[in-house]
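Have a look at my_file.csv; it's CSV, C-alpha atoms (C1' of nucleotides):
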chain,number,residue,atom,x,y,z
R,1,MET,CA,-332.2,64.8,-1.4
R,2,SER,CA,-331.9,61.2,-2.4
R,3,SER,CA,-328.7,62.2,-4.2
R,4,GLU,CA,-327.4,63.9,-1.1
R,5,ALA,CA,-328.1,60.8,0.9
R,6,VAL,CA,-326.2,58.6,-1.5
R,7,ASN,CA,-323.4,61.1,-1.7
R,8,GLU,CA,-323.1,61.3,2.1
R,9,ALA,CA,-323.0,57.5,2.5
R,10,ALA,CA,-320.4,57.2,-0.2
R,11,ASN,CA,-318.2,59.9,1.4
R,12,GLU,CA,-318.2,58.3,4.8
R,13,VAL,CA,-314.6,57.6,4.2
R,14,GLU,CA,-312.8,60.9,4.3
R,15,ASN,CA,-310.9,61.7,1.1
R,16,ALA,CA,-307.2,61.5,1.5
R,17,PRO,CA,-305.3,64.0,-0.6
R,18,GLY,CA,-303.7,61.5,-2.9
R,19,GLN,CA,-306.7,59.2,-3.0
R,20,PRO,CA,-309.8,60.8,-4.6
R,21,ARG,CA,-311.4,57.4,-4.8
R,22,VAL,CA,-314.8,57.4,-3.2
R,23,GLU,CA,-316.0,53.9,-2.6
R,24,LEU,CA,-319.3,52.9,-4.0
R,25,ASN,CA,-321.5,51.0,-1.7
R,26,ARG,CA,-323.5,49.2,-4.3
R,27,LEU,CA,-323.4,45.5,-4.0
R,28,GLY,CA,-323.0,45.1,-7.8
R,29,TYR,CA,-319.8,47.2,-7.7
R,30,LEU,CA,-318.5,45.5,-4.6
R,31,LEU,CA,-319.0,42.0,-5.9
R,32,LYS,CA,-317.7,42.6,-9.3
R,33,HIS,CA,-314.5,44.2,-8.1
R,34,ALA,CA,-314.0,41.6,-5.4
R,35,GLN,CA,-314.3,38.9,-7.9
R,36,GLN,CA,-312.0,40.7,-10.3
R,37,ARG,CA,-309.4,41.1,-7.7
R,38,LEU,CA,-309.5,37.6,-6.6
R,39,THR,CA,-309.3,36.4,-10.2
R,40,GLU,CA,-306.2,38.4,-10.8
R,41,MET,CA,-304.5,37.1,-7.6
R,42,THR,CA,-305.5,33.5,-8.3
R,43,ALA,CA,-304.3,33.8,-11.9
R,44,ALA,CA,-300.9,35.0,-10.8
R,45,ALA,CA,-300.6,32.3,-8.2
R,46,LEU,CA,-301.6,29.6,-10.6
R,47,GLU,CA,-299.5,30.8,-13.5
R,48,PRO,CA,-296.5,28.5,-12.7
R,49,TYR,CA,-298.8,25.5,-12.9
R,50,GLY,CA,-300.3,26.2,-16.2
R,51,VAL,CA,-303.9,26.0,-15.1
R,52,ASN,CA,-306.4,28.8,-14.4
R,53,GLY,CA,-309.0,29.3,-11.8
R,54,ARG,CA,-311.8,27.7,-13.8
R,55,GLU,CA,-309.8,24.7,-14.5
R,56,LEU,CA,-308.8,24.3,-10.9
R,57,GLY,CA,-312.5,24.4,-10.0
R,58,VAL,CA,-313.0,21.4,-12.3
R,59,LEU,CA,-310.1,19.6,-10.6
R,60,VAL,CA,-311.4,20.3,-7.1
R,61,VAL,CA,-314.7,18.7,-8.1
R,62,LEU,CA,-312.9,15.7,-9.7
R,63,ASP,CA,-310.8,15.3,-6.5
R,64,GLN,CA,-314.0,15.3,-4.4
R,65,MET,CA,-316.2,13.1,-6.5
R,66,GLY,CA,-313.6,10.8,-8.0
R,67,ALA,CA,-313.7,9.9,-11.6
R,68,THR,CA,-317.0,11.1,-13.0
R,69,SER,CA,-318.8,12.3,-16.1
R,70,GLN,CA,-318.4,15.8,-17.6
R,71,GLN,CA,-322.1,16.4,-17.0
R,72,ASP,CA,-321.8,15.7,-13.3
R,73,VAL,CA,-318.8,18.0,-12.9
R,74,ALA,CA,-320.7,20.7,-14.8
R,75,ARG,CA,-323.8,20.4,-12.6
R,76,ARG,CA,-321.7,20.6,-9.5
R,77,LEU,CA,-320.1,23.7,-10.6
R,78,GLY,CA,-323.3,25.3,-11.9
R,79,ILE,CA,-322.1,25.7,-15.5
R,80,ASP,CA,-323.4,24.4,-18.8
R,81,ARG,CA,-322.3,21.1,-20.2
R,82,THR,CA,-321.2,22.7,-23.4
R,83,THR,CA,-318.9,25.0,-21.5
R,84,MET,CA,-317.3,21.9,-19.9
R,85,VAL,CA,-316.2,20.5,-23.2
R,86,ALA,CA,-313.5,23.1,-23.8
R,87,LEU,CA,-312.5,23.0,-20.1
R,88,ILE,CA,-311.8,19.3,-20.3
R,89,ASP,CA,-310.2,19.7,-23.7
R,90,ALA,CA,-307.7,22.1,-22.2
R,91,LEU,CA,-307.0,19.9,-19.1
R,92,GLU,CA,-306.6,16.8,-21.3
R,93,ALA,CA,-304.2,18.7,-23.7
R,94,LYS,CA,-302.0,19.4,-20.6
R,95,SER,CA,-302.2,15.8,-19.6
R,96,VAL,CA,-303.8,16.7,-16.2
R,97,VAL,CA,-306.9,14.5,-16.8
R,98,VAL,CA,-308.0,11.9,-19.3
R,99,ARG,CA,-311.3,11.1,-20.8
R,100,ARG,CA,-312.3,7.5,-21.1
R,101,PRO,CA,-315.6,6.0,-22.3
R,102,SER,CA,-317.7,4.8,-19.4
R,103,ALA,CA,-318.4,1.0,-19.4
R,104,GLU,CA,-321.8,1.3,-17.8
R,105,ASP,CA,-323.1,4.1,-19.9
R,106,ARG,CA,-321.5,4.6,-23.3
R,107,ARG,CA,-322.9,8.1,-23.7
R,108,ARG,CA,-320.6,9.2,-21.0
R,109,ASN,CA,-317.0,10.1,-20.7
R,110,VAL,CA,-315.4,9.3,-17.4
R,111,VAL,CA,-313.0,12.1,-16.6
R,112,GLU,CA,-310.1,11.3,-14.2
R,113,PHE,CA,-306.8,12.5,-13.1
R,114,THR,CA,-303.6,11.3,-14.6
R,115,GLU,CA,-300.9,10.4,-12.1
R,116,SER,CA,-298.9,13.5,-12.7
R,117,GLY,CA,-302.1,15.5,-13.0
R,118,HIS,CA,-303.1,14.8,-9.4
R,119,GLY,CA,-299.7,15.9,-8.2
R,120,LEU,CA,-300.0,19.1,-10.1
R,121,PHE,CA,-303.5,19.6,-8.8
R,122,ARG,CA,-302.3,19.3,-5.2
R,123,GLN,CA,-299.6,21.9,-5.7
R,124,ALA,CA,-301.9,24.3,-7.6
R,125,LEU,CA,-304.5,24.0,-5.0
R,126,GLN,CA,-302.0,25.0,-2.3
R,127,ALA,CA,-301.0,28.0,-4.4
R,128,SER,CA,-304.6,29.0,-4.9
R,129,ASP,CA,-305.4,28.6,-1.2
R,130,GLU,CA,-302.5,30.9,-0.4
R,131,ALA,CA,-303.9,33.5,-2.9
R,132,GLU,CA,-307.3,33.3,-1.2
R,133,ARG,CA,-305.6,33.8,2.1
R,134,ARG,CA,-303.9,36.9,0.9
R,135,PHE,CA,-307.1,38.1,-0.7
R,136,VAL,CA,-308.9,38.0,2.7
R,137,SER,CA,-305.9,39.2,4.6
R,138,PRO,CA,-307.4,42.6,5.4
R,139,LEU,CA,-310.0,40.7,7.4
R,140,GLU,CA,-309.6,38.9,10.7
R,141,ASP,CA,-309.8,35.2,10.5
R,142,ALA,CA,-313.2,35.1,11.9
R,143,ALA,CA,-314.4,37.8,9.6
R,144,ALA,CA,-313.0,35.9,6.6
R,145,GLU,CA,-314.9,32.8,7.6
R,146,LEU,CA,-318.0,34.8,8.1
R,147,LEU,CA,-317.6,36.2,4.6
R,148,ARG,CA,-317.7,32.7,3.2
R,149,GLU,CA,-320.8,31.9,5.3
R,150,GLN,CA,-322.6,35.0,4.2
R,151,LEU,CA,-321.8,34.3,0.5
R,152,ARG,CA,-323.0,30.7,0.9
R,153,ALA,CA,-326.2,32.0,2.5
R,154,VAL,CA,-327.1,34.4,-0.4
R,155,ILE,CA,-326.2,31.8,-3.0
R,156,GLU,CA,-328.0,28.9,-1.5
R,157,GLU,CA,-331.2,30.8,-1.5
R,158,ARG,CA,-332.5,28.6,-4.3
R,159,ASP,CA,-336.2,28.3,-5.1
V,1,MET,CA,-327.6,8.3,-8.7
V,2,SER,CA,-325.0,7.0,-11.1
V,3,SER,CA,-322.7,9.8,-9.8
V,4,GLU,CA,-323.2,8.4,-6.3
V,5,ALA,CA,-322.3,5.0,-7.5
V,6,VAL,CA,-319.2,6.2,-9.1
V,7,ASN,CA,-318.4,8.2,-6.1
V,8,GLU,CA,-318.9,5.3,-3.8
V,9,ALA,CA,-316.7,3.1,-5.9
V,10,ALA,CA,-313.9,5.5,-6.5
V,11,ASN,CA,-314.0,7.8,-3.4
V,12,GLU,CA,-315.5,6.7,-0.2
V,13,VAL,CA,-314.9,9.9,1.7
V,14,GLU,CA,-318.6,10.8,1.3
V,15,ASN,CA,-319.7,13.1,4.0
V,16,ALA,CA,-322.9,13.2,6.0
V,17,PRO,CA,-325.8,14.4,3.7
V,18,GLY,CA,-326.3,18.2,3.9
V,19,GLN,CA,-322.7,19.0,4.7
V,20,PRO,CA,-321.4,21.8,2.7
V,21,ARG,CA,-319.4,20.5,-0.2
V,22,VAL,CA,-315.8,21.6,-0.3
V,23,GLU,CA,-315.9,23.3,-3.7
V,24,LEU,CA,-318.8,25.4,-2.5
V,25,ASN,CA,-316.4,26.9,0.0
V,26,ARG,CA,-313.9,28.2,-2.5
V,27,LEU,CA,-314.0,31.9,-2.7
V,28,GLY,CA,-313.8,31.9,-6.5
V,29,TYR,CA,-317.0,29.8,-6.7
V,30,LEU,CA,-318.8,31.8,-4.0
V,31,LEU,CA,-318.0,35.2,-5.5
V,32,LYS,CA,-318.8,34.2,-9.0
V,33,HIS,CA,-322.2,32.7,-8.2
V,34,ALA,CA,-323.1,35.5,-5.8
V,35,GLN,CA,-322.4,38.0,-8.5
V,36,GLN,CA,-324.3,36.0,-11.0
V,37,ARG,CA,-327.3,35.8,-8.8
V,38,LEU,CA,-327.3,39.4,-8.0
V,39,THR,CA,-326.9,40.3,-11.7
V,40,GLU,CA,-330.0,38.2,-12.5
V,41,MET,CA,-332.1,39.7,-9.8
V,42,THR,CA,-331.0,43.2,-10.6
V,43,ALA,CA,-331.6,42.7,-14.3
V,44,ALA,CA,-335.2,41.5,-13.6
V,45,ALA,CA,-335.8,44.5,-11.3
V,46,LEU,CA,-334.5,47.0,-13.8
V,47,GLU,CA,-336.2,45.5,-16.9
V,48,PRO,CA,-339.2,47.9,-16.7
V,49,TYR,CA,-336.9,50.9,-16.8
V,50,GLY,CA,-334.9,49.9,-19.9
V,51,VAL,CA,-331.5,50.2,-18.2
V,52,ASN,CA,-329.2,47.4,-17.0
V,53,GLY,CA,-327.0,47.2,-13.9
V,54,ARG,CA,-323.9,48.5,-15.6
V,55,GLU,CA,-325.8,51.6,-16.9
V,56,LEU,CA,-327.3,52.2,-13.5
V,57,GLY,CA,-323.7,52.2,-12.1
V,58,VAL,CA,-322.9,55.1,-14.5
V,59,LEU,CA,-326.0,57.0,-13.4
V,60,VAL,CA,-325.2,56.6,-9.8
V,61,VAL,CA,-321.8,58.1,-10.3
V,62,LEU,CA,-323.3,60.9,-12.4
V,63,ASP,CA,-325.7,61.6,-9.6
V,64,GLN,CA,-322.9,61.7,-7.0
V,65,MET,CA,-320.5,63.8,-9.0
V,66,GLY,CA,-322.8,65.9,-11.0
V,67,ALA,CA,-322.1,66.4,-14.7
V,68,THR,CA,-318.6,65.1,-15.5
V,69,SER,CA,-316.4,63.8,-18.2
V,70,GLN,CA,-316.7,60.2,-19.4
V,71,GLN,CA,-313.2,59.6,-18.2
V,72,ASP,CA,-314.0,60.6,-14.7
V,73,VAL,CA,-317.0,58.3,-14.5
V,74,ALA,CA,-314.9,55.5,-15.9
V,75,ARG,CA,-312.2,56.0,-13.3
V,76,ARG,CA,-314.7,56.1,-10.5
V,77,LEU,CA,-316.1,52.8,-11.6
V,78,GLY,CA,-312.8,51.2,-12.3
V,79,ILE,CA,-313.5,50.5,-15.9
V,80,ASP,CA,-311.7,51.5,-19.1
V,81,ARG,CA,-312.6,54.7,-20.9
V,82,THR,CA,-313.1,52.7,-24.2
V,83,THR,CA,-315.8,50.7,-22.4
V,84,MET,CA,-317.5,53.9,-21.3
V,85,VAL,CA,-318.1,55.0,-24.9
V,86,ALA,CA,-320.7,52.3,-25.6
V,87,LEU,CA,-322.2,52.7,-22.2
V,88,ILE,CA,-322.8,56.5,-22.7
V,89,ASP,CA,-323.9,55.8,-26.3
V,90,ALA,CA,-326.7,53.5,-25.0
V,91,LEU,CA,-327.8,55.9,-22.3
V,92,GLU,CA,-327.8,58.8,-24.7
V,93,ALA,CA,-329.8,56.7,-27.2
V,94,LYS,CA,-332.4,56.3,-24.5
V,95,SER,CA,-332.4,60.0,-23.7
V,96,VAL,CA,-331.3,59.4,-20.2
V,97,VAL,CA,-328.2,61.5,-20.4
V,98,VAL,CA,-326.7,63.9,-23.0
V,99,ARG,CA,-323.2,64.6,-24.0
V,100,ARG,CA,-322.1,68.2,-24.4
V,101,PRO,CA,-318.7,69.5,-25.3
V,102,SER,CA,-316.9,71.0,-22.3
V,103,ALA,CA,-316.3,74.7,-22.5
V,104,GLU,CA,-313.1,74.6,-20.4
V,105,ASP,CA,-311.5,71.6,-22.0
V,106,ARG,CA,-312.6,70.8,-25.5
V,107,ARG,CA,-311.2,67.3,-25.4
V,108,ARG,CA,-313.9,66.4,-22.9
V,109,ASN,CA,-317.5,65.5,-23.2
V,110,VAL,CA,-319.6,66.6,-20.2
V,111,VAL,CA,-322.2,63.9,-19.5
V,112,GLU,CA,-325.3,64.9,-17.6
V,113,PHE,CA,-328.8,63.8,-16.9
V,114,THR,CA,-331.7,64.9,-19.0
V,115,GLU,CA,-334.7,66.0,-17.0
V,116,SER,CA,-336.6,62.8,-17.6
V,117,GLY,CA,-333.4,60.8,-17.3
V,118,HIS,CA,-333.0,61.8,-13.7
V,119,GLY,CA,-336.5,60.8,-12.9
V,120,LEU,CA,-336.0,57.5,-14.5
V,121,PHE,CA,-332.8,57.1,-12.6
V,122,ARG,CA,-334.5,57.7,-9.2
V,123,GLN,CA,-337.1,55.0,-10.0
V,124,ALA,CA,-334.5,52.5,-11.3
V,125,LEU,CA,-332.3,53.1,-8.3
V,126,GLN,CA,-335.2,52.2,-6.0
V,127,ALA,CA,-335.9,49.1,-7.9
V,128,SER,CA,-332.3,48.1,-7.8
V,129,ASP,CA,-332.1,48.8,-4.1
V,130,GLU,CA,-335.1,46.6,-3.6
V,131,ALA,CA,-333.4,43.8,-5.6
V,132,GLU,CA,-330.3,44.2,-3.4
V,133,ARG,CA,-332.4,43.9,-0.3
V,134,ARG,CA,-334.0,40.7,-1.6
V,135,PHE,CA,-330.5,39.4,-2.5
V,136,VAL,CA,-329.3,39.8,1.1
V,137,SER,CA,-332.6,38.8,2.6
V,138,PRO,CA,-331.1,35.5,4.0
V,139,LEU,CA,-328.9,37.6,6.2
V,140,GLU,CA,-329.7,39.7,9.2
V,141,ASP,CA,-329.5,43.5,8.6
V,142,ALA,CA,-326.3,43.8,10.5
V,143,ALA,CA,-324.8,40.8,8.7
V,144,ALA,CA,-325.8,42.4,5.3
V,145,GLU,CA,-324.0,45.6,6.3
V,146,LEU,CA,-321.0,43.7,7.5
V,147,LEU,CA,-320.9,41.9,4.1
V,148,ARG,CA,-320.6,45.3,2.4
V,149,GLU,CA,-317.9,46.4,4.7
V,150,GLN,CA,-315.9,43.2,4.3
V,151,LEU,CA,-316.1,43.4,0.5
V,152,ARG,CA,-315.0,47.0,0.7
V,153,ALA,CA,-312.1,45.9,2.8
V,154,VAL,CA,-310.8,43.3,0.4
V,155,ILE,CA,-311.3,45.6,-2.6
V,156,GLU,CA,-309.6,48.6,-1.1
V,157,GLU,CA,-306.4,46.7,-0.5
V,158,ARG,CA,-304.7,48.5,-3.3
V,159,ASP,CA,-300.9,48.5,-3.8
C,1,DG,C1',-338.7,-6.9,-29.7
C,2,DG,C1',-339.7,-2.1,-31.2
C,3,DG,C1',-340.9,2.6,-30.5
C,4,DT,C1',-340.5,6.9,-27.8
C,5,DG,C1',-338.5,10.3,-25.1
C,6,DA,C1',-334.6,11.7,-22.3
C,7,DT,C1',-329.6,12.1,-21.6
C,8,DT,C1',-324.6,12.8,-23.0
C,9,DG,C1',-320.9,14.9,-25.5
C,10,DT,C1',-319.9,17.7,-29.3
C,11,DC,C1',-319.9,21.6,-32.4
C,12,DA,C1',-321.1,26.0,-34.7
C,13,DG,C1',-322.9,30.2,-33.9
C,14,DT,C1',-324.1,34.2,-31.0
C,15,DG,C1',-324.0,37.6,-27.3
C,16,DC,C1',-321.9,40.1,-23.8
C,17,DT,C1',-318.1,42.4,-21.6
C,18,DA,C1',-313.8,44.4,-21.5
C,19,DC,C1',-309.6,44.9,-23.2
C,20,DT,C1',-305.3,46.7,-26.6
C,21,DG,C1',-303.7,49.7,-30.0
C,22,DA,C1',-304.2,53.2,-32.9
C,23,DC,C1',-306.0,57.8,-34.4
C,24,DG,C1',-307.0,62.9,-34.4
C,25,DA,C1',-308.1,66.7,-31.5
C,26,DT,C1',-306.8,69.3,-27.8
C,27,DC,C1',-304.3,70.9,-23.7
C,28,DA,C1',-300.3,72.2,-20.5
C,29,DG,C1',-295.6,73.4,-19.7
C,30,DC,C1',-291.6,75.1,-21.2
M,1,DG,C1',-294.1,76.9,-31.1
M,2,DC,C1',-292.6,72.1,-29.5
M,3,DT,C1',-293.2,68.2,-26.9
M,4,DG,C1',-295.6,65.1,-24.2
M,5,DA,C1',-299.8,63.9,-22.1
M,6,DT,C1',-305.0,63.5,-22.1
M,7,DC,C1',-309.7,62.7,-24.1
M,8,DG,C1',-313.0,60.4,-26.9
M,9,DT,C1',-313.5,57.3,-30.6
M,10,DC,C1',-313.1,53.1,-33.3
M,11,DA,C1',-311.5,48.5,-35.0
M,12,DG,C1',-310.0,44.3,-33.6
M,13,DT,C1',-309.5,40.7,-30.3
M,14,DA,C1',-310.2,37.7,-26.3
M,15,DG,C1',-312.6,35.2,-22.7
M,16,DC,C1',-316.7,33.3,-21.1
M,17,DA,C1',-321.1,31.2,-21.4
M,18,DC,C1',-325.0,30.5,-23.6
M,19,DT,C1',-328.6,28.4,-27.5
M,20,DG,C1',-329.7,25.1,-31.0
M,21,DA,C1',-328.6,21.3,-33.4
M,22,DC,C1',-326.8,16.6,-34.1
M,23,DA,C1',-325.6,11.5,-33.5
M,24,DA,C1',-325.1,8.1,-30.2
M,25,DT,C1',-327.0,5.8,-26.4
M,26,DC,C1',-330.0,4.7,-22.7
M,27,DA,C1',-334.5,3.7,-20.0
M,28,DC,C1',-339.1,2.7,-20.2
M,29,DC,C1',-343.3,0.9,-21.8
M,30,DC,C1',-346.3,-1.7,-24.7
Take the structure in this file and express it as structure tokens.
Amino acid sequence: MSSEAVNEAANEVENAPGQPRVELNRLGYLLKHAQQRLTEMTAAALEPYGVNGRELGVLVVLDQMGATSQQDVARRLGIDRTTMVALIDALEAKSVVVRRPSAEDRRRNVVEFTESGHGLFRQALQASDEAERRFVSPLEDAAAELLREQLRAVIEERD
Amino acid sequence: MSSEAVNEAANEVENAPGQPRVELNRLGYLLKHAQQRLTEMTAAALEPYGVNGRELGVLVVLDQMGATSQQDVARRLGIDRTTMVALIDALEAKSVVVRRPSAEDRRRNVVEFTESGHGLFRQALQASDEAERRFVSPLEDAAAELLREQLRAVIEERD
DNA sequence: GGGTGATTGTCAGTGCTACTGACGATCAGC
DNA sequence: GCTGATCGTCAGTAGCACTGACAATCACCC
């Protein structure tokens, strides 16, 4: 009976002849595939700029905060500081950012844009925004904004 | 604190406190962290049952479709058939499912629940559903349902 | 001053997930 | 009976993110 209920809910969308795909309604499935799809679209959009989505995330934070330490960027993005090392390595190898020792605290590296790096960032950000727009294009504008709000709500539930 | 000092010096577009920070509004960030958080909550809820979220996904499909081949399950979940091998291996090692050669097509393995396996599945599914409910608890019921619909919409945009 | 504990960046190692490419066995159509 | 496709399997690989350790540095306290 529980299996029938699940089956019924999943089959709410009538099966078209050429599309035997029955959508799963589980949040794990939905979130995983949504993220996967956005990652693919973003990767394609960013490919001409030589950066990937994770690196762009770093650049967005850098643009917001201004020059700052690796640790601060990592905290803001909710990733580990050891993960940040390779990320900055890659961006520095592409001359998008530079590390420089902090004068006030010599344990820190200050990470900041190069001149050309900031130009590239602006272009890449536009491309990524366009990919996001295409990603949510099945939704009305209001629904797309609501999706963001809902995701923020479930994430920000921090205790 | 030092990050604020740097921020103040290098970038004075600091917003009012409490305003959503821009990078928190990027879909890549939102989806990644939403998925991460749900994965954690689901893992904790499923821990007593000895299965994880990916394995439960397999079981849900098995419950929906009845006994089927590994390939069919993989297709339904949108994962590779080579990935399915280890997944079924693990479930079989726990005696939740069994493989048996198909009579009609001897290339195939038919995967089906064991008796105790189906009981465990029902319990684990309840625990996972409860975790999902807690995950979306910051949202109204209607908003939570809308979230599912919106995610389905952006996923189903297949070309 | 000097000692103590915390912080920062780095690196090696590990775990998890999912893929590609290959293989033998088997099937379907001609 | 051939040929091409499908299924399950395995080895190898790649991306991502973590833990644990380390040296350098800082902040605090006596």
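Closest approach to DG20 in chain M among C:DT17, C:DG1, C:DA12, C:DT7 is made by C:DA12 (distances from only C-alpha atoms (C1' of nucleotides)).
Cα RMSD between chain R and chain V, computed after least-squares fitting of the latter onto the former across all residues in order: 5.3 Å.
With CA of Leu91 in chain V on one side and CA of Val51 in chain V on the other, the separation reads 7.9 Å.
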Need the shell around Leu146 in chain V: protein/DNA/RNA residues with any atom at most 10 Å away, counting only C-alpha atoms (C1' of nucleotides). Skip same-chain ones fewer than 4 positions apart. Format as an mmCIF file with C-alpha atoms, in the coordinates of the input?
data_model
loop_
_atom_site.group_PDB
_atom_site.id
_atom_site.type_symbol
_atom_site.label_atom_id
_atom_site.label_comp_id
_atom_site.auth_asym_id
_atom_site.auth_seq_id
_atom_site.Cartn_x
_atom_site.Cartn_y
_atom_site.Cartn_z
ATOM 1 C CA ALA R 143 -314.400 37.800 9.600
ATOM 2 C CA LEU R 146 -318.000 34.800 8.100
ATOM 3 C CA LEU R 147 -317.600 36.200 4.600
ATOM 4 C CA GLN R 150 -322.600 35.000 4.200
ATOM 5 C CA GLU V 140 -329.700 39.700 9.200
ATOM 6 C CA ASP V 141 -329.500 43.500 8.600
ATOM 7 C CA ALA V 142 -326.300 43.800 10.500
ATOM 8 C CA GLN V 150 -315.900 43.200 4.300
ATOM 9 C CA LEU V 151 -316.100 43.400 0.500
ATOM 10 C CA ARG V 152 -315.000 47.000 0.700
#
Dump as CSV the rows for residues of chain R within 9 Å of chain C: closest atom pair and distance in Å with one decimal, only C-alpha atoms (C1' of nucleotides) counted, ordered by chain and rising residue number.
residue,atom,partner,partner_atom,distance
R:Gln70,CA,C:DG9,C1',8.3
R:Gln71,CA,C:DT8,C1',7.4
R:Arg81,CA,C:DG9,C1',8.3
R:Thr82,CA,C:DT10,C1',7.8
R:Val85,CA,C:DG9,C1',7.7
R:Arg106,CA,C:DT8,C1',8.8
R:Arg107,CA,C:DT8,C1',5.0
R:Arg108,CA,C:DT8,C1',5.7
R:Asn109,CA,C:DG9,C1',7.8
What is the distance between CA of Ala124 in chain V and CA of Tyr49 in chain V, in Å to one decimal? 6.2 Å
